[in-house]
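Colleague: Below you'll find the structure I mean.
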Amino acid sequence: MGGGLSGRDELAVRMLAQAADAGRGVPRRSDAGRVRLSERDIYGLLLCAEHYASPYDLLAAALGVQPARLRGIVARWRKAGLAVTGTLGPGPAWCWLTAAGMAACGLGYPARPPALSRLAHIRAVLAARLWLESGRAYRDGRAWWRGERNIRAALASNAGAAHLADAEIVWPSLETGAYAGQVWAVEVELTPKPVARTVRIMSGLLARPGYAQVVYLTAPAARPVVARAAAGLPGPHRGRVAVRDLPAAALLPGVARCG
């Protein structure tokens, strides 16, 4: 997705058109002055809602636009009262939805900026999603992403405190799909946990009905512990855990991939 007028140019064109219509006695449109959302706008707003917030660089990549164009897009969202933007830490600015934005998306998630302690993880999960969605198998299998917010919202109120996956990849039951009908749990690991805790989390996810596989996407610092935990699982379980590197975009620009 790309091209088109900037948010400011669109507003200017709309104002000029309204002024010309007024001069000609043309009745004003019932939706005049409202921000009309494109398919790209809707995708971007849903992405921000599902992931708590989105940093500008990943949001631009998801929408297929240059950073300058993205600034115009999010300015339109702000003007419509659907989103808020701001600098929350090192790196790019972030965008998150207002209560009106959540309502427009048909979602009941809380509308607030993400916790500073979770920024790195939120970024990494979104980067993982964009990377996985760009893969041929994902596209050919028509897989879809179910985020942690969605998973949590579907739980019964008495579901307990069991560890939830960061996301799920759902593969439709297509006759030609290599993973037809499967559901994969996705875990994003930035920092190493104790091996015993990692084993418990893996075992708990594998024990849940419906998960055919658990995919761990790790930063370099976390990979040795995750690999050791996976290698220590019983044989049948070991083959259902895949350990892969996170894409480079998962870490903040300028942060070294070492540790």
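Going through the structure tokens in order, the chains are called A, B, and so on, while each chain numbers its residues from 1 and the ligands are numbered from 1 in the order shown.
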Which residues are close to Ala222 in chain A, i.e. within 8 Å by only C-alpha atoms, leaving aside same-chain residues fewer than 4 positions away? Reply as a JSON list (two decimals) with C-alpha atoms, in the first residue's frame.
Modeller:
[["chain", "number", "residue", "atom", "x", "y", "z"],
["A", 189, "GLU", "CA", 11.67, -14.60, 24.25],
["A", 190, "LEU", "CA", 13.98, -11.60, 24.67],
["A", 191, "THR", "CA", 15.76, -12.45, 27.90],
["A", 192, "PRO", "CA", 16.76, -15.80, 29.40],
["A", 193, "LYS", "CA", 14.58, -17.31, 32.11],
["A", 218, "THR", "CA", 14.28, -15.74, 20.51],
["A", 226, "VAL", "CA", 15.35, -22.01, 25.22]]
Colleague: Assign secondary structure with DSSP using the backbone only, and return the residues of range 82-197 of chain A in strand (DSSP E or B) as a ChimeraX atom specification.
Modeller: /A:83-86,94-97,144-147,167-170,183-189
Colleague: Can you write just those residues out, C-alpha atoms, as a PDB file, in the first residue's frame?
Modeller:
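Resulting contents of out.pdb:
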ATOM      1  CA  ALA A  83      -5.560   7.426  18.209  1.00  0.00           C
ATOM      2  CA  VAL A  84      -2.876   9.038  20.340  1.00  0.00           C
ATOM      3  CA  THR A  85       0.814   9.216  19.509  1.00  0.00           C
ATOM      4  CA  GLY A  86       3.868   9.965  21.577  1.00  0.00           C
ATOM      5  CA  TRP A  94       4.376   5.019  19.216  1.00  0.00           C
ATOM      6  CA  CYS A  95       0.701   4.999  18.269  1.00  0.00           C
ATOM      7  CA  TRP A  96      -2.134   3.576  20.397  1.00  0.00           C
ATOM      8  CA  LEU A  97      -5.902   3.869  20.273  1.00  0.00           C
ATOM      9  CA  TRP A 144      -4.161 -15.913  10.522  1.00  0.00           C
ATOM     10  CA  TRP A 145      -2.768 -14.441  13.709  1.00  0.00           C
ATOM     11  CA  ARG A 146      -4.576 -14.505  17.031  1.00  0.00           C
ATOM     12  CA  GLY A 147      -2.873 -12.218  19.519  1.00  0.00           C
ATOM     13  CA  ALA A 167       0.014 -15.466  20.059  1.00  0.00           C
ATOM     14  CA  GLU A 168      -1.454 -18.294  18.036  1.00  0.00           C
ATOM     15  CA  ILE A 169      -1.136 -19.061  14.339  1.00  0.00           C
ATOM     16  CA  VAL A 170      -4.328 -20.655  13.071  1.00  0.00           C
ATOM     17  CA  VAL A 183      -2.954 -24.242  15.672  1.00  0.00           C
ATOM     18  CA  TRP A 184       0.556 -23.176  16.719  1.00  0.00           C
ATOM     19  CA  ALA A 185       1.448 -21.367  19.921  1.00  0.00           C
ATOM     20  CA  VAL A 186       3.975 -18.548  19.470  1.00  0.00           C
ATOM     21  CA  GLU A 187       6.352 -17.472  22.233  1.00  0.00           C
ATOM     22  CA  VAL A 188       8.672 -14.459  21.929  1.00  0.00           C
ATOM     23  CA  GLU A 189      11.671 -14.600  24.253  1.00  0.00           C
TER      24      GLU A 189
END
Colleague: Find the residues around Pro234 in chain A up to 12 Å (only C-alpha atoms counted), leave out those fewer than 4 positions away in its own chain, and share them as an NGL selection string.
Modeller: :A and (199 or 202-203 or 206 or 229-230 or 238-241)
Colleague: As a PyMOL selection string, please: all residues of range 6-252 of chain A that backbone DSSP puts in alpha helix (DSSP H).
Modeller: chain A and resi 7-24+39-50+56-63+67-79+99-105+119-133+136-140+148-153+195-207+223-231+235-238
Colleague: Could you please determine the separation between CA of Pro247 in chain A and CA of Leu217 in chain A in Å, to one decimal place?
Modeller: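 Taking CA of Pro247 in chain A and CA of Leu217 in chain A, their separation equals 8.5 Å.
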Colleague: Using CA of Ala242 in chain A and CA of Tyr43 in chain A as the two end points, give the distance in Å to one decimal.
Modeller: 29.0 Å
Colleague: Could you state the separation of CA of Asp41 in chain A and CA of Leu246 in chain A in Å, given to one decimal place?
Modeller: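 Between CA of Asp41 in chain A and CA of Leu246 in chain A the gap is 27.0 Å.
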Colleague: Can you work out which one of A:Ala207, A:Ala53, A:Leu107, A:Val65 has the shortest atom-to-atom distance to Ala153 in chain A, counting only C-alpha atoms?
Modeller: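 For Ala153 in chain A, the nearest of the given residues is A:Leu107.
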